[in-house]
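Structure, as structure tokens:
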Amino acid sequence: MVLVDEAPLTGIDTERLAADLSAICSTEQAFWRNEQHPYPFQNYLFQVMVSHDGYGGLEHTNSTALMTSRASLPRLHQKTSKAYEDFLGLCAHEYFHVWLVKRIKPEGLIHPQLDDAVITPLLWIFEGFTSLYDDWMLLRSERIKPAELLTRWSDSLTRTLTTVGAAQQSLADASREAWIKFYQPNENSANSQVSYYTRGMATSLLLLAELQQQGVHLDNLLHRWWQDWQDNPKQALNPSKLKDDLTSLCPHINWALWLAQHVEQPNPQLAAQLALALPSIGLVLTAKLQPSLGVKLAEEQGALVVKQVTLDSPAQSAGWQVGDELIALSDWRVRNNTQVEQQLASWQANPNSPALSVVLARKGYLITSHIQPALMATAYDLAAINESSLTWLTP
Ligand SMILES: [Zn+2]
């Protein structure tokens, strides 16, 4: 691993970093290893650009280019931070791509035409599975404990299950339309789109549960694809091979129907489907309901500005628009999100809660109206029924 920073890099616990990285890479190599191809490369390099607040990565065949924040690096004589765990998760993610996407590839990416967009409906597999396995590899390499893995998975599930765009866009379309939608987001994206990363992760968790109920581990599907690559590296993954591979691993499920319902069509029922399926693998999913207006507000130069209005939410019913400035709520001046939350909490505490008075500024004109908050799922929590029910976590 090479770390590059404009500022002097001092006080970094490089030994801890090397030990953690080595454990993660060994675990992933063991996950994919077999006799013919112990490793698909001679050397592998993590190239890391360190900055104030960077985060992200790009996979290459035998290396990765990463961005991370200074605060995410482990410091000498300091305990492990959540930011460092995130950085290790990012390393695990890009390293997993060595096999899944840089060798096992979707159709169209074997000989891509790089002067045009290359369209595939399968990014949910390549980024979704990788998003499920990156955190999982932190557990399998004993960098985190099961409870920490469930917290990390809960965070990913919250990001997608609280998004109403699932009623509009299917997972396959999220993948096909990545070039024109995912990479060109607008103020309505959360209402009309899903992320093939987090939605793909959540759908692969559902797939895992359904396979596990039939006695098949999801690892087996990945191992089959790796064997197929070794038999013929030019053989790409496409929707029909995906269906056939699932059918041969687990013939008791109608996979054409399953993929149509969960991948090809918009699937706003994913939270309910997960809540139903996960107890069979020892997990319970619960939604955290909180009073909400259904808006995203950002603090900008002393003003509280509406950045996003959720479809079918109290804010949409009350006619709020992106760009409105929220000045007062329930007769109180509000200047930040904490003050809005305080007003919503006191609304919830009152059993006969009436609608709240609102003052908005729109294009310089003051608008006085009312809004009735609603209880909405703002977070999801994944918990173990008991430790012994989680043996599939460490196969
Ligand atoms: Zn990725």
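Note on naming: chains are A, B, ... as they come in the structure tokens, residues start from 1 per chain, ligands start from 1 in the order shown.
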Among stretch 207-314 of chain A, which residues carry a DSSP assignment of alpha helix (DSSP H), reported as a PyMOL selection string?
chain A and resi 207-213+218-231+239-249+255-259+270-277+314
Assign secondary structure with DSSP using the backbone only, and return the residues of stretch 33-219 of chain A in strand (DSSP E or B) as a PyMOL selection string.
chain A and resi 45-51+56-59+63-69+75+100+104+106
Residues at most 8 Å from ligand 1, using only C-alpha atoms and all ligand atoms? Could they come as JSON, numbers by chain?
{"A": [57, 58, 59, 93, 94, 97, 126, 127, 130, 131, 197]}
Pick out the residues sitting within 6 Å of A:Val359, and hand them over as a CSV table (one decimal) with N, CA, C and O atoms, in the first residue's frame; count only C-alpha atoms, and ignore anything fewer than 6 positions along from it in its own chain.
```csv
chain,number,residue,atom,x,y,z
A,327,ILE,N,-38.2,29.0,7.9
A,327,ILE,CA,-37.8,30.0,8.8
A,327,ILE,C,-38.3,29.7,10.2
A,327,ILE,O,-37.6,29.8,11.2
A,328,ALA,N,-39.6,29.3,10.3
A,328,ALA,CA,-40.2,28.9,11.6
A,328,ALA,C,-41.0,27.7,11.6
A,328,ALA,O,-41.7,27.4,10.6
A,367,ILE,N,-44.3,32.7,3.2
A,367,ILE,CA,-45.5,31.9,3.1
A,367,ILE,C,-45.8,31.3,4.5
A,367,ILE,O,-45.0,30.7,5.1
A,368,THR,N,-47.0,31.6,5.0
A,368,THR,CA,-47.4,31.0,6.3
A,368,THR,C,-48.4,29.9,6.0
A,368,THR,O,-49.4,30.1,5.3
```
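Between A:Trp320 and the candidates A:Ser388, A:Thr286, A:Ser369, A:Ser240, the tightest atom-to-atom separation, counting only C-alpha atoms, involves A:Ser369.
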Excluding A:Met201 and residues on its chain fewer than 3 positions from it, collect all residues at most 12 Å away from it, counting only C-alpha atoms, and give them as a count of residues only.
37
Selection: 10 Å around A:Val164, only C-alpha atoms, excl. self and same-chain fewer than 5 positions, as a list in words
Gln169, Ser189, Ala190, Asn191, Ser192, Gln193, Val194, Pro268, Thr310, Leu311 and Asp312 of chain A
Expected file contents, prior selection, N, CA, C and O atoms, as a tab-separated table (two decimals), in the first residue's frame:
```tsv
chain	number	residue	atom	x	y	z
A	169	GLN	N	-38.22	2.69	-9.97
A	169	GLN	CA	-37.14	2.14	-10.79
A	169	GLN	C	-36.77	0.74	-10.32
A	169	GLN	O	-36.59	0.50	-9.13
A	189	SER	N	-34.01	12.63	-7.57
A	189	SER	CA	-33.44	11.28	-7.73
A	189	SER	C	-33.91	10.32	-6.64
A	189	SER	O	-34.22	9.17	-6.92
A	190	ALA	N	-33.97	10.79	-5.38
A	190	ALA	CA	-34.35	9.89	-4.28
A	190	ALA	C	-35.79	9.40	-4.43
A	190	ALA	O	-36.15	8.35	-3.91
A	191	ASN	N	-36.63	10.19	-5.15
A	191	ASN	CA	-38.03	9.78	-5.36
A	191	ASN	C	-38.20	8.86	-6.56
A	191	ASN	O	-39.25	8.24	-6.71
A	192	SER	N	-37.19	8.80	-7.43
A	192	SER	CA	-37.41	8.12	-8.71
A	192	SER	C	-36.35	7.06	-9.02
A	192	SER	O	-36.44	6.40	-10.03
A	193	GLN	N	-35.34	6.91	-8.15
A	193	GLN	CA	-34.26	5.97	-8.47
A	193	GLN	C	-33.87	5.14	-7.26
A	193	GLN	O	-34.16	5.50	-6.13
A	194	VAL	N	-33.17	4.03	-7.54
A	194	VAL	CA	-32.52	3.26	-6.47
A	194	VAL	C	-31.04	3.16	-6.82
A	194	VAL	O	-30.65	3.34	-7.97
A	268	PRO	N	-41.00	-2.15	-4.42
A	268	PRO	CA	-41.08	-1.33	-3.20
A	268	PRO	C	-41.34	-2.16	-1.94
A	268	PRO	O	-41.35	-1.61	-0.84
A	310	THR	N	-39.71	14.36	-0.15
A	310	THR	CA	-40.06	12.97	-0.41
A	310	THR	C	-41.48	12.86	-0.96
A	310	THR	O	-42.38	13.56	-0.49
A	311	LEU	N	-41.63	11.95	-1.94
A	311	LEU	CA	-42.93	11.70	-2.56
A	311	LEU	C	-43.94	11.25	-1.48
A	311	LEU	O	-43.59	10.46	-0.60
A	312	ASP	N	-45.17	11.71	-1.56
A	312	ASP	CA	-46.24	11.31	-0.64
A	312	ASP	C	-45.89	11.56	0.82
A	312	ASP	O	-46.31	10.79	1.69
```
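Shortest separation to A:Ile253 among A:Gln213, A:Ile385, A:Trp347, A:Arg362 occurs at residue A:Gln213, atoms counted being only C-alpha atoms.
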